[in-house]
Structures are given as C-alpha cells and as structure tokens.
Amino acid sequence: MRAFFVGLFLLPIAMIVAEPARAINEPASQFVQDLRFHGYIDNYGNVKLRFAPITALPAGFKTKGYLDIEASDIVRLPRGLDVGGYFNAANTAIRQLPRMKVGGYINLTNTAITRLPPNLVVRGDLSLVNTPLTQLPRRLFVEGNLYLTNSPIEKIPDDIYVGGNLYIRGTEIQSVSPDLRIEGQVLPSVSQ
C-alpha cells in the first residue's frame, strides 16, 4: 500500500520533469523560454542580448520586436532570422549576414562584416561605419540613410536604392553616378 501512495506522489513530479525534456527537441522554443526566464525578452517581444554570454542563436529564431546583440559573443547568425523591429549587432565579430527579415534599421557599426546578402531590404537606416566591407550587394534597398563612413568601399552599385542620405566620408568612393536612386544627399559631396 505504501508503494502505491509513493507512486501516486511521484507521478505528477515525473510528468512535470518529462515536459521540459520534450522541449529539448525544439531548440528555438527552448532557447526563447530560457531567454525569457533570464530576463532577455520583455513583454513586447524585444530581445536584448547586449553583453550577454551567448554565442549563437538557433535556426528559425524570430522576434516580434527588436533584436539587440551589441557587444555580445555571437559570431554567426542563423538562416531564416526574422526580426520584427530593428537589428543592432554593433561591436560584434559577425562577418556576414544571412538572408533575413528585419522590420527596422540595421546597425553593423564596428563589426567584422565582409559580406551582405543580395536583395537586402532595410526598413530604416543601414550603418556600415568602421567595417572592413569592400563592396555593397546587388539590389540593396535602404529606406533610410546609408552610412558607409570609414569603410574601404570604392564604388556604389548601379542598382541600389537609398531613401535618405548617403554618408561616404572616409571611403574610397571618388564619384557617384547621378543616375543612382538616392533620394537624399551624398555627404560629403563628390564629383558626379
């Protein structure tokens, strides 16, 4: 009889322990649960991993709000990353962006970025300040300003769009074609 009562007592505990074990097979959802538990996700779906001791994000990672990984140890981003708000990866060792969706600006200032995906759409500003990036991708679409300051970029592709200003101080750009689709100004101005 005593074994029966012990068994009844342990059954609910076994059920509680078994539930998280099932979530281990779902890395993105378990990762999100862990982030929420440690206070990295707020009630609006914003994810703030600034200075966090996290080295990777799982495949299929998605946020409703912004994703801020500034000065974190993350060096590689997963395919299919989907960020509802802005994406801040300043001061990280990230070398390339995968194909990803971002609902706001992208800040890659002081990163090791060397490659951007073609057809990149940025719903705000794009900052590539102080990066080793040598060329912009084909069909880059930036709704806001494009900051290239202090990067070794030499020319602007003919098929880009910039909805705001283009900042080129400290680059190797000597001239900008008047046919480029730049809604704002080129600063500082150069020959056309």
# chains A, B, ... in the order shown; residues from 1 in each chain; ligands from 1
call {"tool": "select_by_dssp", "arguments": {"residues": "region 19-188 of chain A", "states": "helix (DSSP H, G or I)", "output": "list in words"}}
result
Glu19, Pro20, Ala21, Arg22, Ala23, Pro27, Ala28, Ser29, Gln30, Phe31, Val32, Gln33, Asp34, Leu35, Arg36 and Phe37 of chain A
call {"tool": "residues_around", "arguments": {"residues": "Arg115 (chain A)", "least_positions_apart": "5", "cutoff": "12 Å", "atoms": "only C-alpha atoms", "output": "list in words"}}
result
Ile94, Arg95, Gln96, Leu97, Pro98, Arg99, Leu108, Leu120, Leu128, Thr131, Pro132, Leu133, Thr134, Gln135, Leu136, Pro137, Arg138 and Ile153 of chain A
call {"tool": "write_last_selection", "arguments": {"atoms": "N, CA and C atoms", "output": "PDB file, in the first residue's frame"}}
result
ATOM      1  N   ILE A  94      30.602  39.504 -35.999  1.00  0.00           N
ATOM      2  CA  ILE A  94      29.834  38.962 -37.127  1.00  0.00           C
ATOM      3  C   ILE A  94      30.508  39.340 -38.439  1.00  0.00           C
ATOM      4  N   ARG A  95      30.682  38.334 -39.325  1.00  0.00           N
ATOM      5  CA  ARG A  95      31.364  38.540 -40.605  1.00  0.00           C
ATOM      6  C   ARG A  95      30.402  38.627 -41.789  1.00  0.00           C
ATOM      7  N   GLN A  96      29.237  38.026 -41.677  1.00  0.00           N
ATOM      8  CA  GLN A  96      28.277  38.095 -42.781  1.00  0.00           C
ATOM      9  C   GLN A  96      26.853  37.976 -42.269  1.00  0.00           C
ATOM     10  N   LEU A  97      25.950  38.510 -43.053  1.00  0.00           N
ATOM     11  CA  LEU A  97      24.525  38.403 -42.735  1.00  0.00           C
ATOM     12  C   LEU A  97      23.921  37.312 -43.598  1.00  0.00           C
ATOM     13  N   PRO A  98      23.072  36.478 -43.018  1.00  0.00           N
ATOM     14  CA  PRO A  98      22.332  35.515 -43.839  1.00  0.00           C
ATOM     15  C   PRO A  98      21.150  36.236 -44.482  1.00  0.00           C
ATOM     16  N   ARG A  99      20.424  35.539 -45.303  1.00  0.00           N
ATOM     17  CA  ARG A  99      19.155  36.098 -45.775  1.00  0.00           C
ATOM     18  C   ARG A  99      18.249  36.177 -44.558  1.00  0.00           C
ATOM     19  N   LEU A 108      25.438  47.766 -38.052  1.00  0.00           N
ATOM     20  CA  LEU A 108      26.587  46.864 -38.112  1.00  0.00           C
ATOM     21  C   LEU A 108      27.881  47.633 -37.849  1.00  0.00           C
ATOM     22  N   LEU A 120      19.076  42.699 -50.193  1.00  0.00           N
ATOM     23  CA  LEU A 120      18.824  43.047 -48.794  1.00  0.00           C
ATOM     24  C   LEU A 120      17.900  44.260 -48.737  1.00  0.00           C
ATOM     25  N   LEU A 128      27.108  50.875 -41.762  1.00  0.00           N
ATOM     26  CA  LEU A 128      28.277  50.035 -42.026  1.00  0.00           C
ATOM     27  C   LEU A 128      29.540  50.798 -41.647  1.00  0.00           C
ATOM     28  N   THR A 131      33.640  49.313 -40.819  1.00  0.00           N
ATOM     29  CA  THR A 131      33.633  47.878 -41.130  1.00  0.00           C
ATOM     30  C   THR A 131      34.644  47.604 -42.242  1.00  0.00           C
ATOM     31  N   PRO A 132      35.088  46.352 -42.406  1.00  0.00           N
ATOM     32  CA  PRO A 132      36.001  46.017 -43.496  1.00  0.00           C
ATOM     33  C   PRO A 132      35.289  45.694 -44.808  1.00  0.00           C
ATOM     34  N   LEU A 133      33.998  45.948 -44.893  1.00  0.00           N
ATOM     35  CA  LEU A 133      33.220  45.649 -46.097  1.00  0.00           C
ATOM     36  C   LEU A 133      33.785  46.400 -47.301  1.00  0.00           C
ATOM     37  N   THR A 134      34.066  45.679 -48.382  1.00  0.00           N
ATOM     38  CA  THR A 134      34.676  46.317 -49.560  1.00  0.00           C
ATOM     39  C   THR A 134      33.677  46.579 -50.678  1.00  0.00           C
ATOM     40  N   GLN A 135      32.527  45.900 -50.657  1.00  0.00           N
ATOM     41  CA  GLN A 135      31.512  46.160 -51.683  1.00  0.00           C
ATOM     42  C   GLN A 135      30.118  45.942 -51.145  1.00  0.00           C
ATOM     43  N   LEU A 136      29.194  46.668 -51.729  1.00  0.00           N
ATOM     44  CA  LEU A 136      27.782  46.554 -51.364  1.00  0.00           C
ATOM     45  C   LEU A 136      27.137  45.478 -52.219  1.00  0.00           C
ATOM     46  N   PRO A 137      26.088  44.840 -51.721  1.00  0.00           N
ATOM     47  CA  PRO A 137      25.432  43.789 -52.505  1.00  0.00           C
ATOM     48  C   PRO A 137      24.593  44.370 -53.627  1.00  0.00           C
ATOM     49  N   ARG A 138      24.289  43.537 -54.592  1.00  0.00           N
ATOM     50  CA  ARG A 138      23.394  43.938 -55.686  1.00  0.00           C
ATOM     51  C   ARG A 138      21.994  44.143 -55.142  1.00  0.00           C
ATOM     52  N   ILE A 153      34.971  50.757 -49.022  1.00  0.00           N
ATOM     53  CA  ILE A 153      34.138  50.650 -50.230  1.00  0.00           C
ATOM     54  C   ILE A 153      34.610  51.660 -51.261  1.00  0.00           C
TER      55      ILE A 153
END
call {"tool": "residues_around", "arguments": {"residues": "region 59-69 of chain A", "least_positions_apart": "6", "cutoff": "7 Å", "atoms": "only C-alpha atoms", "output": "PyMOL selection string"}}
result
chain A and resi 28+44-50+78-89
call {"tool": "write_last_selection", "arguments": {"atoms": "N, CA, C and O atoms", "output": "PDB file, in the first residue's frame"}}
result
ATOM      1  N   ALA A  28      14.629  26.247 -30.843  1.00  0.00           N
ATOM      2  CA  ALA A  28      14.249  27.662 -30.861  1.00  0.00           C
ATOM      3  C   ALA A  28      13.299  27.982 -29.720  1.00  0.00           C
ATOM      4  O   ALA A  28      13.469  28.974 -29.021  1.00  0.00           O
ATOM      5  N   TYR A  44       7.062  42.940 -24.805  1.00  0.00           N
ATOM      6  CA  TYR A  44       6.724  43.374 -26.163  1.00  0.00           C
ATOM      7  C   TYR A  44       7.399  42.515 -27.223  1.00  0.00           C
ATOM      8  O   TYR A  44       7.264  42.777 -28.417  1.00  0.00           O
ATOM      9  N   GLY A  45       8.172  41.525 -26.828  1.00  0.00           N
ATOM     10  CA  GLY A  45       8.864  40.666 -27.782  1.00  0.00           C
ATOM     11  C   GLY A  45      10.221  41.185 -28.191  1.00  0.00           C
ATOM     12  O   GLY A  45      10.818  40.687 -29.138  1.00  0.00           O
ATOM     13  N   ASN A  46      10.729  42.198 -27.501  1.00  0.00           N
ATOM     14  CA  ASN A  46      12.068  42.705 -27.782  1.00  0.00           C
ATOM     15  C   ASN A  46      13.096  41.800 -27.112  1.00  0.00           C
ATOM     16  O   ASN A  46      12.906  41.373 -25.979  1.00  0.00           O
ATOM     17  N   VAL A  47      14.189  41.526 -27.803  1.00  0.00           N
ATOM     18  CA  VAL A  47      15.240  40.660 -27.282  1.00  0.00           C
ATOM     19  C   VAL A  47      16.511  41.487 -27.140  1.00  0.00           C
ATOM     20  O   VAL A  47      17.047  41.988 -28.127  1.00  0.00           O
ATOM     21  N   LYS A  48      16.985  41.622 -25.911  1.00  0.00           N
ATOM     22  CA  LYS A  48      18.179  42.421 -25.633  1.00  0.00           C
ATOM     23  C   LYS A  48      19.272  41.509 -25.086  1.00  0.00           C
ATOM     24  O   LYS A  48      19.250  41.125 -23.921  1.00  0.00           O
ATOM     25  N   LEU A  49      20.228  41.173 -25.948  1.00  0.00           N
ATOM     26  CA  LEU A  49      21.338  40.295 -25.588  1.00  0.00           C
ATOM     27  C   LEU A  49      22.649  41.070 -25.519  1.00  0.00           C
ATOM     28  O   LEU A  49      23.725  40.484 -25.628  1.00  0.00           O
ATOM     29  N   ARG A  50      22.556  42.367 -25.332  1.00  0.00           N
ATOM     30  CA  ARG A  50      23.741  43.218 -25.251  1.00  0.00           C
ATOM     31  C   ARG A  50      24.640  42.724 -24.114  1.00  0.00           C
ATOM     32  O   ARG A  50      24.195  42.576 -22.997  1.00  0.00           O
ATOM     33  N   PRO A  78      21.790  32.688 -37.663  1.00  0.00           N
ATOM     34  CA  PRO A  78      21.150  31.562 -38.339  1.00  0.00           C
ATOM     35  C   PRO A  78      20.380  31.994 -39.581  1.00  0.00           C
ATOM     36  O   PRO A  78      19.948  33.142 -39.693  1.00  0.00           O
ATOM     37  N   ARG A  79      20.216  31.064 -40.493  1.00  0.00           N
ATOM     38  CA  ARG A  79      19.359  31.312 -41.654  1.00  0.00           C
ATOM     39  C   ARG A  79      17.929  31.480 -41.177  1.00  0.00           C
ATOM     40  O   ARG A  79      17.509  30.892 -40.190  1.00  0.00           O
ATOM     41  N   GLY A  80      17.196  32.282 -41.900  1.00  0.00           N
ATOM     42  CA  GLY A  80      15.791  32.458 -41.578  1.00  0.00           C
ATOM     43  C   GLY A  80      15.526  33.353 -40.385  1.00  0.00           C
ATOM     44  O   GLY A  80      14.426  33.367 -39.861  1.00  0.00           O
ATOM     45  N   LEU A  81      16.529  34.101 -39.951  1.00  0.00           N
ATOM     46  CA  LEU A  81      16.343  35.023 -38.830  1.00  0.00           C
ATOM     47  C   LEU A  81      15.263  36.032 -39.216  1.00  0.00           C
ATOM     48  O   LEU A  81      15.282  36.591 -40.305  1.00  0.00           O
ATOM     49  N   ASP A  82      14.311  36.246 -38.327  1.00  0.00           N
ATOM     50  CA  ASP A  82      13.176  37.132 -38.597  1.00  0.00           C
ATOM     51  C   ASP A  82      13.028  38.085 -37.415  1.00  0.00           C
ATOM     52  O   ASP A  82      12.664  37.674 -36.318  1.00  0.00           O
ATOM     53  N   VAL A  83      13.326  39.367 -37.659  1.00  0.00           N
ATOM     54  CA  VAL A  83      13.315  40.378 -36.610  1.00  0.00           C
ATOM     55  C   VAL A  83      12.206  41.376 -36.929  1.00  0.00           C
ATOM     56  O   VAL A  83      12.241  42.034 -37.962  1.00  0.00           O
ATOM     57  N   GLY A  84      11.239  41.503 -36.036  1.00  0.00           N
ATOM     58  CA  GLY A  84      10.107  42.398 -36.265  1.00  0.00           C
ATOM     59  C   GLY A  84      10.470  43.869 -36.207  1.00  0.00           C
ATOM     60  O   GLY A  84       9.880  44.686 -36.898  1.00  0.00           O
ATOM     61  N   GLY A  85      11.440  44.236 -35.395  1.00  0.00           N
ATOM     62  CA  GLY A  85      11.870  45.631 -35.250  1.00  0.00           C
ATOM     63  C   GLY A  85      13.258  45.832 -35.822  1.00  0.00           C
ATOM     64  O   GLY A  85      13.632  45.225 -36.808  1.00  0.00           O
ATOM     65  N   TYR A  86      14.048  46.641 -35.133  1.00  0.00           N
ATOM     66  CA  TYR A  86      15.415  46.900 -35.613  1.00  0.00           C
ATOM     67  C   TYR A  86      16.358  45.781 -35.188  1.00  0.00           C
ATOM     68  O   TYR A  86      16.056  44.966 -34.319  1.00  0.00           O
ATOM     69  N   PHE A  87      17.541  45.757 -35.841  1.00  0.00           N
ATOM     70  CA  PHE A  87      18.580  44.776 -35.531  1.00  0.00           C
ATOM     71  C   PHE A  87      19.874  45.518 -35.250  1.00  0.00           C
ATOM     72  O   PHE A  87      20.400  46.215 -36.115  1.00  0.00           O
ATOM     73  N   ASN A  88      20.395  45.381 -34.035  1.00  0.00           N
ATOM     74  CA  ASN A  88      21.635  46.045 -33.641  1.00  0.00           C
ATOM     75  C   ASN A  88      22.699  44.992 -33.339  1.00  0.00           C
ATOM     76  O   ASN A  88      22.575  44.256 -32.359  1.00  0.00           O
ATOM     77  N   ALA A  89      23.726  44.925 -34.179  1.00  0.00           N
ATOM     78  CA  ALA A  89      24.822  43.980 -33.983  1.00  0.00           C
ATOM     79  C   ALA A  89      26.150  44.726 -33.864  1.00  0.00           C
ATOM     80  O   ALA A  89      27.212  44.162 -34.105  1.00  0.00           O
TER      81      ALA A  89
END
call {"tool": "residues_around", "arguments": {"residues": "Asn91 (chain A)", "least_positions_apart": "5", "cutoff": "7 Å", "atoms": "only C-alpha atoms", "output": "VMD selection string"}}
result
chain A and resid 70 to 71 109 to 111
call {"tool": "write_last_selection", "arguments": {"atoms": "all heavy atoms", "output": "PDB file, in the first residue's frame"}}
result
ATOM      1  N   GLU A  70      24.355  43.811 -29.502  1.00  0.00           N
ATOM      2  CA  GLU A  70      25.569  44.629 -29.446  1.00  0.00           C
ATOM      3  C   GLU A  70      26.544  44.105 -28.395  1.00  0.00           C
ATOM      4  O   GLU A  70      26.176  43.787 -27.274  1.00  0.00           O
ATOM      5  CB  GLU A  70      25.227  46.086 -29.128  1.00  0.00           C
ATOM      6  CG  GLU A  70      26.454  46.970 -29.110  1.00  0.00           C
ATOM      7  CD  GLU A  70      26.145  48.438 -28.948  1.00  0.00           C
ATOM      8  OE1 GLU A  70      24.965  48.814 -29.006  1.00  0.00           O
ATOM      9  OE2 GLU A  70      27.093  49.202 -28.764  1.00  0.00           O
ATOM     10  N   ALA A  71      27.829  44.011 -28.799  1.00  0.00           N
ATOM     11  CA  ALA A  71      28.936  43.605 -27.925  1.00  0.00           C
ATOM     12  C   ALA A  71      28.729  42.225 -27.305  1.00  0.00           C
ATOM     13  O   ALA A  71      29.298  41.932 -26.268  1.00  0.00           O
ATOM     14  CB  ALA A  71      29.180  44.655 -26.850  1.00  0.00           C
ATOM     15  N   THR A 109      27.794  48.741 -37.151  1.00  0.00           N
ATOM     16  CA  THR A 109      28.957  49.572 -36.838  1.00  0.00           C
ATOM     17  C   THR A 109      30.002  48.773 -36.060  1.00  0.00           C
ATOM     18  O   THR A 109      29.666  48.045 -35.135  1.00  0.00           O
ATOM     19  CB  THR A 109      28.516  50.795 -36.011  1.00  0.00           C
ATOM     20  OG1 THR A 109      27.573  51.548 -36.783  1.00  0.00           O
ATOM     21  CG2 THR A 109      29.689  51.674 -35.633  1.00  0.00           C
ATOM     22  N   ASN A 110      31.260  48.934 -36.447  1.00  0.00           N
ATOM     23  CA  ASN A 110      32.395  48.281 -35.767  1.00  0.00           C
ATOM     24  C   ASN A 110      32.278  46.762 -35.723  1.00  0.00           C
ATOM     25  O   ASN A 110      32.653  46.129 -34.737  1.00  0.00           O
ATOM     26  CB  ASN A 110      32.566  48.810 -34.338  1.00  0.00           C
ATOM     27  CG  ASN A 110      32.947  50.262 -34.307  1.00  0.00           C
ATOM     28  OD1 ASN A 110      33.732  50.728 -35.139  1.00  0.00           O
ATOM     29  ND2 ASN A 110      32.393  50.997 -33.362  1.00  0.00           N
ATOM     30  N   THR A 111      31.758  46.171 -36.786  1.00  0.00           N
ATOM     31  CA  THR A 111      31.708  44.714 -36.872  1.00  0.00           C
ATOM     32  C   THR A 111      32.779  44.232 -37.835  1.00  0.00           C
ATOM     33  O   THR A 111      33.439  45.034 -38.500  1.00  0.00           O
ATOM     34  CB  THR A 111      30.333  44.212 -37.362  1.00  0.00           C
ATOM     35  OG1 THR A 111      30.109  44.706 -38.688  1.00  0.00           O
ATOM     36  CG2 THR A 111      29.217  44.633 -36.442  1.00  0.00           C
TER      37      THR A 111
END
call {"tool": "residues_around", "arguments": {"residues": "Arg139 (chain A)", "least_positions_apart": "4", "cutoff": "7 Å", "atoms": "only C-alpha atoms", "output": "PDB file with N, CA and C atoms, in the first residue's frame"}}
result
ATOM      1  N   PRO A 118      22.588  39.532 -51.295  1.00  0.00           N
ATOM      2  CA  PRO A 118      21.947  40.318 -52.351  1.00  0.00           C
ATOM      3  C   PRO A 118      20.476  40.527 -52.017  1.00  0.00           C
ATOM      4  N   ASN A 119      19.895  41.555 -52.588  1.00  0.00           N
ATOM      5  CA  ASN A 119      18.476  41.870 -52.396  1.00  0.00           C
ATOM      6  C   ASN A 119      18.130  42.197 -50.948  1.00  0.00           C
ATOM      7  N   ASP A 159      22.394  49.500 -59.039  1.00  0.00           N
ATOM      8  CA  ASP A 159      21.030  49.042 -58.789  1.00  0.00           C
ATOM      9  C   ASP A 159      20.604  49.147 -57.324  1.00  0.00           C
ATOM     10  N   ILE A 160      21.199  50.068 -56.570  1.00  0.00           N
ATOM     11  CA  ILE A 160      20.772  50.232 -55.175  1.00  0.00           C
ATOM     12  C   ILE A 160      19.764  51.375 -55.076  1.00  0.00           C
TER      13      ILE A 160
END
call {"tool": "select_by_dssp", "arguments": {"residues": "region 76-140 of chain A", "states": "strand (DSSP E)", "output": "count of residues only"}}
result
12
call {"tool": "closest_residue", "arguments": {"among": "A:Ala52, A:Leu166, A:Ile106, A:Pro152", "to": "Leu35 (chain A)", "atoms": "only C-alpha atoms"}}
result
A:Ala52
call {"tool": "residues_around", "arguments": {"residues": "Tyr167 (chain A)", "least_positions_apart": "3", "cutoff": "12 Å", "atoms": "only C-alpha atoms", "output": "PyMOL selection string"}}
result
chain A and resi 125-129+144-151+153+156+162+164+170-171+173+176+182+184-190
call {"tool": "write_last_selection", "arguments": {"atoms": "N, CA, C and O atoms", "output": "mmCIF file, in the first residue's frame"}}
result
data_model
loop_
_atom_site.group_PDB
_atom_site.id
_atom_site.type_symbol
_atom_site.label_atom_id
_atom_site.label_comp_id
_atom_site.auth_asym_id
_atom_site.auth_seq_id
_atom_site.Cartn_x
_atom_site.Cartn_y
_atom_site.Cartn_z
ATOM 1 N N ASP A 125 17.508 52.890 -41.459
ATOM 2 C CA ASP A 125 18.905 53.184 -41.784
ATOM 3 C C ASP A 125 19.723 51.898 -41.803
ATOM 4 O O ASP A 125 19.390 50.914 -41.142
ATOM 5 N N LEU A 126 20.835 51.946 -42.547
ATOM 6 C CA LEU A 126 21.823 50.868 -42.549
ATOM 7 C C LEU A 126 23.170 51.487 -42.221
ATOM 8 O O LEU A 126 23.657 52.346 -42.958
ATOM 9 N N SER A 127 23.765 51.072 -41.099
ATOM 10 C CA SER A 127 25.064 51.595 -40.702
ATOM 11 C C SER A 127 26.141 50.543 -40.903
ATOM 12 O O SER A 127 26.103 49.473 -40.294
ATOM 13 N N LEU A 128 27.108 50.875 -41.762
ATOM 14 C CA LEU A 128 28.277 50.035 -42.026
ATOM 15 C C LEU A 128 29.540 50.798 -41.647
ATOM 16 O O LEU A 128 30.604 50.596 -42.231
ATOM 17 N N VAL A 129 29.443 51.662 -40.667
ATOM 18 C CA VAL A 129 30.542 52.513 -40.218
ATOM 19 C C VAL A 129 31.640 51.650 -39.598
ATOM 20 O O VAL A 129 31.369 50.763 -38.800
ATOM 21 N N GLY A 144 16.015 54.303 -45.333
ATOM 22 C CA GLY A 144 16.548 55.462 -44.617
ATOM 23 C C GLY A 144 17.908 55.870 -45.144
ATOM 24 O O GLY A 144 18.180 55.800 -46.341
ATOM 25 N N ASN A 145 18.783 56.268 -44.235
ATOM 26 C CA ASN A 145 20.145 56.683 -44.588
ATOM 27 C C ASN A 145 21.062 55.470 -44.700
ATOM 28 O O ASN A 145 20.862 54.463 -44.020
ATOM 29 N N LEU A 146 22.095 55.607 -45.534
ATOM 30 C CA LEU A 146 23.124 54.576 -45.676
ATOM 31 C C LEU A 146 24.438 55.183 -45.214
ATOM 32 O O LEU A 146 24.938 56.138 -45.811
ATOM 33 N N TYR A 147 25.003 54.623 -44.127
ATOM 34 C CA TYR A 147 26.239 55.130 -43.530
ATOM 35 C C TYR A 147 27.390 54.201 -43.895
ATOM 36 O O TYR A 147 27.448 53.063 -43.421
ATOM 37 N N LEU A 148 28.317 54.697 -44.727
ATOM 38 C CA LEU A 148 29.483 53.921 -45.149
ATOM 39 C C LEU A 148 30.782 54.482 -44.568
ATOM 40 O O LEU A 148 31.863 54.040 -44.922
ATOM 41 N N THR A 149 30.695 55.434 -43.691
ATOM 42 C CA THR A 149 31.841 56.150 -43.140
ATOM 43 C C THR A 149 32.942 55.199 -42.664
ATOM 44 O O THR A 149 32.679 54.225 -41.976
ATOM 45 N N ASN A 150 34.170 55.522 -43.071
ATOM 46 C CA ASN A 150 35.372 54.783 -42.665
ATOM 47 C C ASN A 150 35.338 53.305 -43.030
ATOM 48 O O ASN A 150 35.777 52.452 -42.273
ATOM 49 N N SER A 151 34.815 52.990 -44.211
ATOM 50 C CA SER A 151 34.873 51.627 -44.740
ATOM 51 C C SER A 151 35.609 51.673 -46.078
ATOM 52 O O SER A 151 35.622 52.706 -46.736
ATOM 53 N N ILE A 153 34.971 50.757 -49.022
ATOM 54 C CA ILE A 153 34.138 50.650 -50.230
ATOM 55 C C ILE A 153 34.610 51.660 -51.261
ATOM 56 O O ILE A 153 34.847 52.823 -50.956
ATOM 57 N N ILE A 156 29.658 52.497 -55.637
ATOM 58 C CA ILE A 156 28.265 52.201 -55.315
ATOM 59 C C ILE A 156 27.651 51.478 -56.513
ATOM 60 O O ILE A 156 27.716 51.983 -57.633
ATOM 61 N N VAL A 162 18.513 54.266 -52.040
ATOM 62 C CA VAL A 162 18.684 54.858 -50.716
ATOM 63 C C VAL A 162 17.610 55.932 -50.565
ATOM 64 O O VAL A 162 17.592 56.904 -51.320
ATOM 65 N N GLY A 164 17.191 57.941 -48.027
ATOM 66 C CA GLY A 164 17.681 59.104 -47.287
ATOM 67 C C GLY A 164 19.017 59.553 -47.839
ATOM 68 O O GLY A 164 19.249 59.529 -49.044
ATOM 69 N N GLY A 170 35.521 59.095 -45.489
ATOM 70 C CA GLY A 170 36.476 58.062 -45.109
ATOM 71 C C GLY A 170 36.407 56.803 -45.962
ATOM 72 O O GLY A 170 36.977 55.782 -45.601
ATOM 73 N N THR A 171 35.725 56.854 -47.105
ATOM 74 C CA THR A 171 35.668 55.703 -48.010
ATOM 75 C C THR A 171 36.599 55.969 -49.191
ATOM 76 O O THR A 171 37.217 57.032 -49.291
ATOM 77 N N ILE A 173 35.392 56.040 -52.256
ATOM 78 C CA ILE A 173 34.476 56.475 -53.316
ATOM 79 C C ILE A 173 34.907 57.839 -53.826
ATOM 80 O O ILE A 173 34.981 58.807 -53.080
ATOM 81 N N VAL A 176 30.044 59.557 -57.651
ATOM 82 C CA VAL A 176 28.753 58.895 -57.526
ATOM 83 C C VAL A 176 27.946 59.221 -58.774
ATOM 84 O O VAL A 176 27.786 60.388 -59.142
ATOM 85 N N ILE A 182 19.176 57.819 -55.190
ATOM 86 C CA ILE A 182 19.446 58.319 -53.848
ATOM 87 C C ILE A 182 18.540 59.527 -53.638
ATOM 88 O O ILE A 182 18.686 60.548 -54.305
ATOM 89 N N GLY A 184 18.125 61.400 -50.906
ATOM 90 C CA GLY A 184 18.720 62.477 -50.120
ATOM 91 C C GLY A 184 19.990 62.994 -50.774
ATOM 92 O O GLY A 184 20.140 62.967 -51.988
ATOM 93 N N GLN A 185 20.928 63.401 -49.945
ATOM 94 C CA GLN A 185 22.187 63.945 -50.426
ATOM 95 C C GLN A 185 23.323 62.942 -50.230
ATOM 96 O O GLN A 185 23.225 62.051 -49.410
ATOM 97 N N VAL A 186 24.392 63.147 -51.012
ATOM 98 C CA VAL A 186 25.623 62.411 -50.809
ATOM 99 C C VAL A 186 26.510 63.315 -49.978
ATOM 100 O O VAL A 186 26.806 64.448 -50.374
ATOM 101 N N LEU A 187 26.922 62.830 -48.788
ATOM 102 C CA LEU A 187 27.672 63.673 -47.859
ATOM 103 C C LEU A 187 28.975 62.999 -47.445
ATOM 104 O O LEU A 187 28.960 61.843 -47.028
ATOM 105 N N PRO A 188 30.113 63.655 -47.556
ATOM 106 C CA PRO A 188 30.268 64.951 -48.209
ATOM 107 C C PRO A 188 30.096 64.798 -49.716
ATOM 108 O O PRO A 188 30.229 63.713 -50.254
ATOM 109 N N SER A 189 29.791 65.887 -50.379
ATOM 110 C CA SER A 189 29.527 65.809 -51.808
ATOM 111 C C SER A 189 30.801 65.458 -52.567
ATOM 112 O O SER A 189 31.911 65.801 -52.158
ATOM 113 N N VAL A 190 30.645 64.720 -53.661
ATOM 114 C CA VAL A 190 31.744 64.335 -54.526
ATOM 115 C C VAL A 190 31.374 64.646 -55.965
ATOM 116 O O VAL A 190 30.224 64.977 -56.261
#
call {"tool": "atom_distance", "arguments": {"atom1": "CA of Asp34 (chain A)", "atom2": "CA of Ala56 (chain A)"}}
result
13.4 Å
call {"tool": "closest_residue", "arguments": {"among": "A:Tyr161, A:Phe31, A:Tyr40, A:Phe51", "to": "Leu180 (chain A)", "atoms": "only C-alpha atoms"}}
result
A:Tyr161
call {"tool": "closest_residue", "arguments": {"among": "A:Val142, A:Ile41, A:Leu116, A:Val75", "to": "Pro53 (chain A)", "atoms": "only C-alpha atoms"}}
result
A:Val75
call {"tool": "atom_distance", "arguments": {"atom1": "CA of Gly163 (chain A)", "atom2": "CA of Glu183 (chain A)"}}
result
5.0 Å
call {"tool": "atom_distance", "arguments": {"atom1": "CA of Pro58 (chain A)", "atom2": "CA of Asp42 (chain A)"}}
result
18.9 Å
